[in-house]
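J.: If you scroll down you'll find the structure; I have some questions about it.
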Amino acid sequence: LYKGDVDIRVAKPEGHEGLNVMIPWSDRRFQFTSKQNTRPATGTVRVGDRSWAVGDDAWGVQDLGRGIWKYRNRWNWAAASGHATDGRLVGLQFGGLLSKGTGATENALCIDGRLTKISEELVWDYSWDDPMRPWRVRTPGSDQVDVTLTPTFDRYDVTDVKLLKMEVHQCFGTWSGRVVGDDGMPVQLDGIRGFAEEARNRW
């Protein structure tokens, strides 16, 4: 066995914008979530006598949630951070299923630290039974978002104690495609790192 040590700092540049949303399921049940990406990560990872410096195109993603949940819930979540083909820093933040029908969404772009909120529900195209197939996410009524994740690894996890169950496919890989921010300028993505997931839970 090797002993591992992680020492990484995730910075928040001045003026950097993130997504904060409250999802209202009912008068008594809700979920507040804060999602932030494209936050520079620097530091060191050590395993045994080997070490790796973190900081060259490395990014942290914050996911904070508080609320009173429904017993049965499903969600999609996808995130990515990296540089577009023109050098702009782009973050993807997509959610689904959890907010459906509430009038709120967890969808946004972060381009050079500025947030573009996407108020419409996105269309997700993927296979729960074959999660290593590409995951496509797009806006249904416009060309604002049309991106595809090519997975390289599926982190599948399940805990089932009958009344309580948690199951997730979380696929890591690279995103490619096109997004458009509030300035109306198309941004081309070609292989930025990130993930997409579906979770199915009874809590």
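Residue numbering restarts at 1 in every chain; chains get A, B, ... in the order shown in the structure tokens, and ligands count up from 1 in that same order.
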For range 152-160 of chain A, please output as a list in words all residues within 7 Å (counting only C-alpha atoms; exclusion window: fewer than 3 positions along the same chain).
T.: Met132, Leu164, Lys165, Met166, Glu167, Val168, His169, Gln170, Cys171, Phe172 and Gly173 of chain A
J.: Restrict the calculation to only C-alpha atoms, then for each residue of range 39-94 of chain A with any atom at most 10 Å from an atom of range 112-126 of chain A give the closest atom pair and their distance in Å to one decimal, rows by chain and rising residue number, as JSON lines.
T.:
```
{"residue": "A:Arg39", "atom": "CA", "partner": "A:Gly113", "partner_atom": "CA", "distance": 8.8}
{"residue": "A:Asn76", "atom": "CA", "partner": "A:Trp124", "partner_atom": "CA", "distance": 8.6}
{"residue": "A:His83", "atom": "CA", "partner": "A:Asp112", "partner_atom": "CA", "distance": 9.4}
{"residue": "A:Gly87", "atom": "CA", "partner": "A:Asp112", "partner_atom": "CA", "distance": 9.7}
{"residue": "A:Arg88", "atom": "CA", "partner": "A:Asp112", "partner_atom": "CA", "distance": 6.2}
{"residue": "A:Leu89", "atom": "CA", "partner": "A:Asp112", "partner_atom": "CA", "distance": 4.9}
{"residue": "A:Val90", "atom": "CA", "partner": "A:Asp112", "partner_atom": "CA", "distance": 6.4}
{"residue": "A:Gly91", "atom": "CA", "partner": "A:Asp112", "partner_atom": "CA", "distance": 8.5}
{"residue": "A:Gln93", "atom": "CA", "partner": "A:Lys117", "partner_atom": "CA", "distance": 9.6}
{"residue": "A:Phe94", "atom": "CA", "partner": "A:Leu122", "partner_atom": "CA", "distance": 7.9}
```
J.: Return as a count of residues only the full set of residues in range 3-172 of chain A whose backbone-based DSSP assignment is strand (DSSP E or B).
T.: 107
J.: What's the 7 Å shell around range 60-68 of chain A, counting only C-alpha atoms, without same-chain residues fewer than 5 positions away, as a VMD selection string?
T.: chain A and resid 10 29 to 41
J.: Write out the residues from the selection above, keeping N, CA and C atoms, as a short mmCIF file (atom, residue, chain, number, x, y, z; two decimals), in the first residue's frame.
T.:
```cif
data_model
loop_
_atom_site.label_atom_id
_atom_site.label_comp_id
_atom_site.auth_asym_id
_atom_site.auth_seq_id
_atom_site.Cartn_x
_atom_site.Cartn_y
_atom_site.Cartn_z
N VAL A 10 -7.80 25.80 -4.30
CA VAL A 10 -8.70 26.22 -5.38
C VAL A 10 -9.02 27.70 -5.14
N ARG A 29 -40.72 21.83 0.45
CA ARG A 29 -39.55 21.11 -0.04
C ARG A 29 -38.82 21.95 -1.10
N PHE A 30 -37.50 22.01 -0.95
CA PHE A 30 -36.71 22.87 -1.84
C PHE A 30 -35.27 22.38 -1.85
N GLN A 31 -34.52 22.91 -2.81
CA GLN A 31 -33.10 22.66 -2.89
C GLN A 31 -32.39 23.94 -3.32
N PHE A 32 -31.45 24.40 -2.50
CA PHE A 32 -30.57 25.49 -2.90
C PHE A 32 -29.25 24.88 -3.34
N THR A 33 -28.73 25.32 -4.47
CA THR A 33 -27.46 24.79 -4.96
C THR A 33 -26.57 25.93 -5.44
N SER A 34 -25.27 25.79 -5.17
CA SER A 34 -24.26 26.72 -5.66
C SER A 34 -23.25 25.92 -6.47
N LYS A 35 -23.14 26.24 -7.75
CA LYS A 35 -22.22 25.54 -8.65
C LYS A 35 -21.24 26.56 -9.23
N GLN A 36 -19.95 26.30 -9.07
CA GLN A 36 -18.93 27.20 -9.58
C GLN A 36 -17.82 26.39 -10.23
N ASN A 37 -17.42 26.83 -11.42
CA ASN A 37 -16.34 26.13 -12.12
C ASN A 37 -15.30 27.13 -12.61
N THR A 38 -14.38 26.67 -13.40
CA THR A 38 -13.23 27.44 -13.92
C THR A 38 -12.52 28.20 -12.80
N ARG A 39 -12.36 27.54 -11.65
CA ARG A 39 -11.61 28.14 -10.54
C ARG A 39 -10.23 27.48 -10.50
N PRO A 40 -9.16 28.25 -10.68
CA PRO A 40 -7.80 27.68 -10.82
C PRO A 40 -7.39 26.85 -9.61
N ALA A 41 -6.84 25.68 -9.89
CA ALA A 41 -6.37 24.77 -8.84
C ALA A 41 -4.85 24.62 -8.95
#
```
